[in-house]
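Asker: PDB, C-alpha atoms, pLDDT in the B column, file model08.pdb:
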MODEL        1
ATOM      1  CA  MET M   1      -9.547  -2.810 -55.475  1.00 76.00           C
ATOM      2  CA  ASN M   2      -9.888   0.794 -56.695  1.00 83.00           C
ATOM      3  CA  CYS M   3      -9.689   4.118 -54.812  1.00 84.00           C
ATOM      4  CA  PRO M   4     -13.228   5.483 -54.139  1.00 82.00           C
ATOM      5  CA  VAL M   5     -12.032   9.091 -54.724  1.00 84.00           C
ATOM      6  CA  CYS M   6      -9.838   8.946 -57.852  1.00 86.00           C
ATOM      7  CA  GLY M   7     -10.525   5.408 -59.103  1.00 84.00           C
ATOM      8  CA  ALA M   8      -6.827   4.453 -59.263  1.00 86.00           C
ATOM      9  CA  PRO M   9      -6.028   0.816 -58.558  1.00 86.00           C
ATOM     10  CA  VAL M  10      -4.695   0.216 -55.020  1.00 84.00           C
ATOM     11  CA  LYS M  11      -3.220  -2.890 -53.417  1.00 83.00           C
ATOM     12  CA  GLU M  12      -5.335  -4.884 -51.000  1.00 80.00           C
ATOM     13  CA  GLY M  13      -4.749  -3.840 -47.356  1.00 77.00           C
ATOM     14  CA  THR M  14      -3.347  -0.372 -48.196  1.00 78.00           C
ATOM     15  CA  ALA M  15      -4.473   2.381 -45.835  1.00 80.00           C
ATOM     16  CA  PHE M  16      -4.082   5.335 -48.246  1.00 80.00           C
ATOM     17  CA  CYS M  17      -4.347   5.777 -52.016  1.00 84.00           C
ATOM     18  CA  GLU M  18      -0.917   6.168 -53.627  1.00 82.00           C
ATOM     19  CA  SER M  19      -2.318   8.536 -56.272  1.00 83.00           C
ATOM     20  CA  CYS M  20      -4.482  11.004 -54.361  1.00 85.00           C
ATOM     21  CA  GLY M  21      -3.653  10.137 -50.700  1.00 81.00           C
ATOM     22  CA  ALA M  22      -7.275   9.463 -49.757  1.00 82.00           C
ATOM     23  CA  ASN M  23      -7.891   7.494 -46.590  1.00 83.00           C
ATOM     24  CA  LEU M  24      -9.231   4.094 -47.573  1.00 79.00           C
ATOM     25  CA  GLY M  25     -10.555   3.396 -44.069  1.00 74.00           C
ATOM     26  CA  ILE M  26      -8.241   0.458 -43.507  1.00 61.00           C
ATOM     27  CA  SER M  27      -6.100   0.967 -40.454  1.00 49.00           C
ATOM     28  CA  LYS M  28      -3.143  -1.167 -39.595  1.00 51.00           C
ATOM     29  CA  ARG M  29      -3.324  -1.098 -35.843  1.00 53.00           C
ATOM     30  CA  ALA M  30      -0.797  -2.901 -33.806  1.00 48.00           C
ATOM     31  CA  ALA M  31      -2.152  -5.779 -31.835  1.00 48.00           C
ATOM     32  CA  ALA M  32      -3.194  -4.785 -28.345  1.00 57.00           C
ATOM     33  CA  PRO M  33      -0.666  -5.892 -25.763  1.00 67.00           C
ATOM     34  CA  ALA M  34      -1.703  -8.812 -23.637  1.00 71.00           C
ATOM     35  CA  ALA M  35      -2.897  -8.015 -20.137  1.00 80.00           C
ATOM     36  CA  ILE M  36      -0.110  -8.025 -17.612  1.00 83.00           C
ATOM     37  CA  VAL M  37      -0.595 -10.808 -15.128  1.00 86.00           C
ATOM     38  CA  ILE M  38       0.990 -10.216 -11.741  1.00 86.00           C
ATOM     39  CA  PRO M  39       1.838 -13.375  -9.814  1.00 88.00           C
ATOM     40  CA  LYS M  40      -0.107 -13.848  -6.589  1.00 88.00           C
ATOM     41  CA  GLU M  41       2.997 -13.420  -4.449  1.00 89.00           C
ATOM     42  CA  TYR M  42       3.589  -9.910  -5.885  1.00 90.00           C
ATOM     43  CA  LYS M  43      -0.033  -8.756  -5.879  1.00 91.00           C
ATOM     44  CA  PRO M  44      -0.215  -5.247  -4.377  1.00 91.00           C
ATOM     45  CA  LEU M  45      -2.303  -4.574  -1.306  1.00 91.00           C
ATOM     46  CA  GLY M  46      -5.094  -2.043  -1.562  1.00 93.00           C
ATOM     47  CA  PRO M  47      -5.518   0.856   0.877  1.00 93.00           C
ATOM     48  CA  TRP M  48      -8.254  -0.984   2.773  1.00 95.00           C
ATOM     49  CA  ALA M  49      -5.987  -3.990   3.212  1.00 94.00           C
ATOM     50  CA  TYR M  50      -3.424  -1.792   4.955  1.00 94.00           C
ATOM     51  CA  ILE M  51      -6.110  -0.355   7.228  1.00 95.00           C
ATOM     52  CA  GLY M  52      -7.504  -3.813   7.937  1.00 95.00           C
ATOM     53  CA  TRP M  53      -4.119  -5.333   8.762  1.00 95.00           C
ATOM     54  CA  SER M  54      -3.304  -2.340  10.986  1.00 94.00           C
ATOM     55  CA  LEU M  55      -6.508  -2.926  12.928  1.00 95.00           C
ATOM     56  CA  VAL M  56      -5.800  -6.655  13.217  1.00 95.00           C
ATOM     57  CA  TYR M  57      -2.246  -6.002  14.421  1.00 94.00           C
ATOM     58  CA  SER M  58      -3.624  -3.620  17.065  1.00 93.00           C
ATOM     59  CA  ILE M  59      -5.581  -6.393  18.799  1.00 93.00           C
ATOM     60  CA  PRO M  60      -3.422  -7.340  21.814  1.00 90.00           C
ATOM     61  CA  ILE M  61      -2.833 -11.118  21.623  1.00 94.00           C
ATOM     62  CA  VAL M  62      -4.336 -12.029  18.242  1.00 94.00           C
ATOM     63  CA  GLY M  63      -2.533  -9.166  16.528  1.00 93.00           C
ATOM     64  CA  PHE M  64       0.793 -10.270  17.948  1.00 93.00           C
ATOM     65  CA  ILE M  65       0.218 -13.786  16.596  1.00 95.00           C
ATOM     66  CA  PHE M  66      -0.699 -12.402  13.159  1.00 94.00           C
ATOM     67  CA  LEU M  67       2.425 -10.216  13.233  1.00 94.00           C
ATOM     68  CA  ILE M  68       4.618 -13.231  13.840  1.00 94.00           C
ATOM     69  CA  VAL M  69       2.899 -15.414  11.223  1.00 95.00           C
ATOM     70  CA  ASN M  70       2.729 -12.754   8.486  1.00 94.00           C
ATOM     71  CA  SER M  71       6.366 -11.791   9.018  1.00 93.00           C
ATOM     72  CA  PHE M  72       7.446 -15.171   7.659  1.00 94.00           C
ATOM     73  CA  ARG M  73       4.732 -16.059   5.128  1.00 92.00           C
ATOM     74  CA  LYS M  74       5.811 -16.165   1.503  1.00 90.00           C
ATOM     75  CA  ASP M  75       2.432 -16.073  -0.254  1.00 91.00           C
ATOM     76  CA  ASN M  76       2.362 -12.253  -0.607  1.00 93.00           C
ATOM     77  CA  LEU M  77       5.584 -10.264  -0.402  1.00 94.00           C
ATOM     78  CA  ASN M  78       3.803  -6.914  -0.037  1.00 94.00           C
ATOM     79  CA  ARG M  79       1.920  -8.055   3.060  1.00 94.00           C
ATOM     80  CA  ARG M  80       5.079  -9.581   4.493  1.00 95.00           C
ATOM     81  CA  ASN M  81       7.011  -6.337   3.936  1.00 95.00           C
ATOM     82  CA  TYR M  82       4.200  -4.298   5.504  1.00 95.00           C
ATOM     83  CA  THR M  83       4.213  -6.608   8.532  1.00 95.00           C
ATOM     84  CA  ARG M  84       7.950  -6.241   8.885  1.00 95.00           C
ATOM     85  CA  SER M  85       7.658  -2.453   8.678  1.00 95.00           C
ATOM     86  CA  TYR M  86       4.982  -2.633  11.392  1.00 95.00           C
ATOM     87  CA  TRP M  87       7.531  -4.448  13.573  1.00 95.00           C
ATOM     88  CA  CYS M  88      10.032  -1.645  12.894  1.00 95.00           C
ATOM     89  CA  ALA M  89       7.468   0.981  13.918  1.00 95.00           C
ATOM     90  CA  LEU M  90       6.726  -0.925  17.139  1.00 94.00           C
ATOM     91  CA  LEU M  91      10.431  -1.152  17.864  1.00 95.00           C
ATOM     92  CA  ILE M  92      10.859   2.604  17.366  1.00 97.00           C
ATOM     93  CA  VAL M  93       7.943   3.317  19.734  1.00 95.00           C
ATOM     94  CA  LEU M  94       9.402   1.003  22.386  1.00 94.00           C
ATOM     95  CA  ILE M  95      12.834   2.632  22.080  1.00 97.00           C
ATOM     96  CA  LEU M  96      11.295   6.109  22.439  1.00 96.00           C
ATOM     97  CA  LEU M  97       9.329   5.015  25.507  1.00 92.00           C
ATOM     98  CA  ALA M  98      12.454   3.486  27.053  1.00 93.00           C
ATOM     99  CA  LEU M  99      14.389   6.688  26.371  1.00 94.00           C
ATOM    100  CA  THR M 100      11.608   8.814  27.861  1.00 87.00           C
ATOM    101  CA  PHE M 101      11.438   6.788  31.061  1.00 85.00           C
ATOM    102  CA  GLY M 102      15.228   6.477  31.200  1.00 88.00           C
ATOM    103  CA  ILE M 103      15.708  10.229  30.975  1.00 88.00           C
ATOM    104  CA  ALA M 104      12.913  10.801  33.485  1.00 83.00           C
ATOM    105  CA  ALA M 105      14.520   8.362  35.922  1.00 83.00           C
ATOM    106  CA  ALA M 106      17.988   9.848  35.424  1.00 85.00           C
ATOM    107  CA  THR M 107      16.837  13.416  36.022  1.00 85.00           C
ATOM    108  CA  GLY M 108      14.781  12.490  39.063  1.00 79.00           C
ATOM    109  CA  SER M 109      11.476  13.541  37.502  1.00 79.00           C
ATOM    110  CA  MET M 110      10.057  10.036  37.471  1.00 79.00           C
ATOM    111  CA  ASP M 111       7.790  10.825  40.425  1.00 81.00           C
ATOM    112  CA  GLU M 112       6.348  13.830  38.577  1.00 81.00           C
ATOM    113  CA  LEU M 113       5.794  11.746  35.463  1.00 78.00           C
ATOM    114  CA  MET M 114       4.018   9.017  37.443  1.00 82.00           C
ATOM    115  CA  GLN M 115       1.869  11.673  39.165  1.00 85.00           C
ATOM    116  CA  ILE M 116       0.783  13.006  35.751  1.00 83.00           C
ATOM    117  CA  PHE M 117      -0.183   9.498  34.639  1.00 81.00           C
ATOM    118  CA  GLU M 118      -2.092   8.821  37.868  1.00 87.00           C
ATOM    119  CA  ASN M 119      -4.005  12.117  37.629  1.00 85.00           C
ATOM    120  CA  SER M 120      -4.996  11.503  34.018  1.00 83.00           C
ATOM    121  CA  PHE M 121      -6.043   7.935  34.863  1.00 80.00           C
ATOM    122  CA  GLU M 122      -8.207   9.128  37.794  1.00 83.00           C
ATOM    123  CA  GLN M 123      -9.839  11.797  35.615  1.00 81.00           C
ATOM    124  CA  ALA M 124     -10.565   9.232  32.911  1.00 77.00           C
ATOM    125  CA  GLN M 125     -12.248   6.969  35.454  1.00 77.00           C
ATOM    126  CA  SER M 126     -14.343   9.747  36.947  1.00 77.00           C
ATOM    127  CA  GLY M 127     -15.447  10.986  33.526  1.00 69.00           C
ATOM    128  CA  LEU M 128     -14.241  14.532  34.141  1.00 60.00           C
ATOM    129  CA  PRO M 129     -12.793  16.465  31.211  1.00 62.00           C
ATOM    130  CA  TYR M 130      -9.062  17.014  31.223  1.00 55.00           C
TER     131      TYR M 130
ENDMDL
END
Transcribe the structure of this file into structure tokens.

Answerer:
Amino acid sequence: MNCPVCGAPVKEGTAFCESCGANLGISKRAAAPAAIVIPKEYKPLGPWAYIGWSLVYSIPIVGFIFLIVNSFRKDNLNRRNYTRSYWCALLIVLILLALTFGIAAATGSMDELMQIFENSFEQAQSGLPY
């Protein structure tokens, strides 16, 4: 094979002419890396999956059952970890509610707190704005 610019002989598979430096149009590209395959158990959840599971977990009885089942399943670690974090969030909410009612009972303002809840419940039933 000869260089198309200067005519000097070049070796087969060379990218540039050794005499004039002309580009011979042969590129030695590295092989493209193989696609990374993530095992099913490590597959990430999409944003809509998080929204969907949050809605499912919010259903009173069915959601509680799904919370228990998904907390121990091993087929997808990301879903299992999300379910366990949902349990942690529920636990934090329950602790805050217990603290709120405990402080209200200890300070003697439990009657006032119950009156606020009753008033808001009656207004919600009558359809009046707050």

Asker: Record the distance separating atom CA of Leu24 of chain M and atom CA of Gly7 of chain M, expressed in Å with one decimal.

Answerer: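 Value for the atom CA of Leu24 of chain M-atom CA of Gly7 of chain M distance: 11.7 Å.
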
Asker: Please measure the separation of atom CA of Pro39 of chain M and atom CA of Tyr57 of chain M, giving the value in Å to one decimal.

Answerer: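 These two atoms are separated by 25.7 Å.
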
Asker: Spell out the residues picked by the PyMOL selection byres ((chain M and resi 70-85) around 7) here, as a ChimeraX atom specification.

Answerer: /M:40-45,66-69,86-89

Asker: What gap, in Å, lies between atom CA of Leu97 of chain M and atom CA of Tyr50 of chain M?

Answerer: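 If I compute the distance from atom CA of Leu97 of chain M to atom CA of Tyr50 of chain M, I get 25.1 Å.
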
Asker: Which neighbours of Phe16 of chain M fall inside 10 Å, counting only C-alpha atoms, when residues of the same chain fewer than 4 positions from it are skipped, and could you give them as number ranges by chain?

Answerer: M: 3, 10-11, 20-27

Asker: Using the file's own x, y and z axes, so that the box edges lie along x, y and z, what centre and edge lengths in Å (one decimal) does a box around every listed atom of segment 43-46 of chain M get when 4 Å is added on each side? Give it as JSON.

Answerer:
{"center_x": -2.6, "center_y": -5.4, "center_z": -3.6, "size_x": 13.1, "size_y": 14.7, "size_z": 12.6}

Asker: N, CA and C atoms are what I want for segment 7-29 of chain M; can you complete it accordingly and write them as a tab-separated table (two decimals), in the coordinates of the input?

Answerer:
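Generated file (out19.tsv):
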chain	number	residue	atom	x	y	z
M	7	GLY	N	-10.32	6.59	-58.27
M	7	GLY	CA	-10.52	5.41	-59.10
M	7	GLY	C	-9.25	4.67	-59.45
M	8	ALA	N	-8.10	5.11	-58.96
M	8	ALA	CA	-6.83	4.45	-59.26
M	8	ALA	C	-6.78	3.09	-58.57
M	9	PRO	N	-6.14	2.13	-59.22
M	9	PRO	CA	-6.03	0.82	-58.56
M	9	PRO	C	-5.09	0.90	-57.34
M	10	VAL	N	-5.51	0.26	-56.24
M	10	VAL	CA	-4.70	0.22	-55.02
M	10	VAL	C	-4.56	-1.24	-54.59
M	11	LYS	N	-3.45	-1.53	-53.90
M	11	LYS	CA	-3.22	-2.89	-53.42
M	11	LYS	C	-4.14	-3.19	-52.24
M	12	GLU	N	-4.48	-4.44	-52.10
M	12	GLU	CA	-5.34	-4.88	-51.00
M	12	GLU	C	-4.61	-4.67	-49.66
M	13	GLY	N	-5.31	-4.06	-48.68
M	13	GLY	CA	-4.75	-3.84	-47.36
M	13	GLY	C	-4.02	-2.52	-47.22
M	14	THR	N	-4.02	-1.67	-48.27
M	14	THR	CA	-3.35	-0.37	-48.20
M	14	THR	C	-4.25	0.62	-47.49
M	15	ALA	N	-3.69	1.44	-46.63
M	15	ALA	CA	-4.47	2.38	-45.84
M	15	ALA	C	-4.79	3.66	-46.60
M	16	PHE	N	-3.88	4.09	-47.50
M	16	PHE	CA	-4.08	5.34	-48.25
M	16	PHE	C	-3.83	5.09	-49.73
M	17	CYS	N	-4.53	5.86	-50.57
M	17	CYS	CA	-4.35	5.78	-52.02
M	17	CYS	C	-2.99	6.38	-52.37
M	18	GLU	N	-2.23	5.67	-53.24
M	18	GLU	CA	-0.92	6.17	-53.63
M	18	GLU	C	-1.02	7.33	-54.61
M	19	SER	N	-2.15	7.47	-55.29
M	19	SER	CA	-2.32	8.54	-56.27
M	19	SER	C	-2.78	9.83	-55.63
M	20	CYS	N	-3.91	9.77	-54.91
M	20	CYS	CA	-4.48	11.00	-54.36
M	20	CYS	C	-4.28	11.15	-52.86
M	21	GLY	N	-3.89	10.07	-52.14
M	21	GLY	CA	-3.65	10.14	-50.70
M	21	GLY	C	-4.91	10.00	-49.87
M	22	ALA	N	-6.01	9.59	-50.48
M	22	ALA	CA	-7.28	9.46	-49.76
M	22	ALA	C	-7.17	8.32	-48.75
M	23	ASN	N	-7.84	8.51	-47.63
M	23	ASN	CA	-7.89	7.49	-46.59
M	23	ASN	C	-8.86	6.41	-47.04
M	24	LEU	N	-8.40	5.19	-47.11
M	24	LEU	CA	-9.23	4.09	-47.57
M	24	LEU	C	-10.00	3.43	-46.43
M	25	GLY	N	-9.81	3.92	-45.21
M	25	GLY	CA	-10.56	3.40	-44.07
M	25	GLY	C	-10.01	2.09	-43.53
M	26	ILE	N	-8.86	1.68	-44.01
M	26	ILE	CA	-8.24	0.46	-43.51
M	26	ILE	C	-7.09	0.89	-42.62
M	27	SER	N	-7.18	0.58	-41.36
M	27	SER	CA	-6.10	0.97	-40.45
M	27	SER	C	-5.31	-0.27	-40.06
M	28	LYS	N	-4.02	-0.09	-40.02
M	28	LYS	CA	-3.14	-1.17	-39.60
M	28	LYS	C	-2.75	-0.89	-38.14
M	29	ARG	N	-3.60	-1.29	-37.27
M	29	ARG	CA	-3.32	-1.10	-35.84
M	29	ARG	C	-2.46	-2.24	-35.34
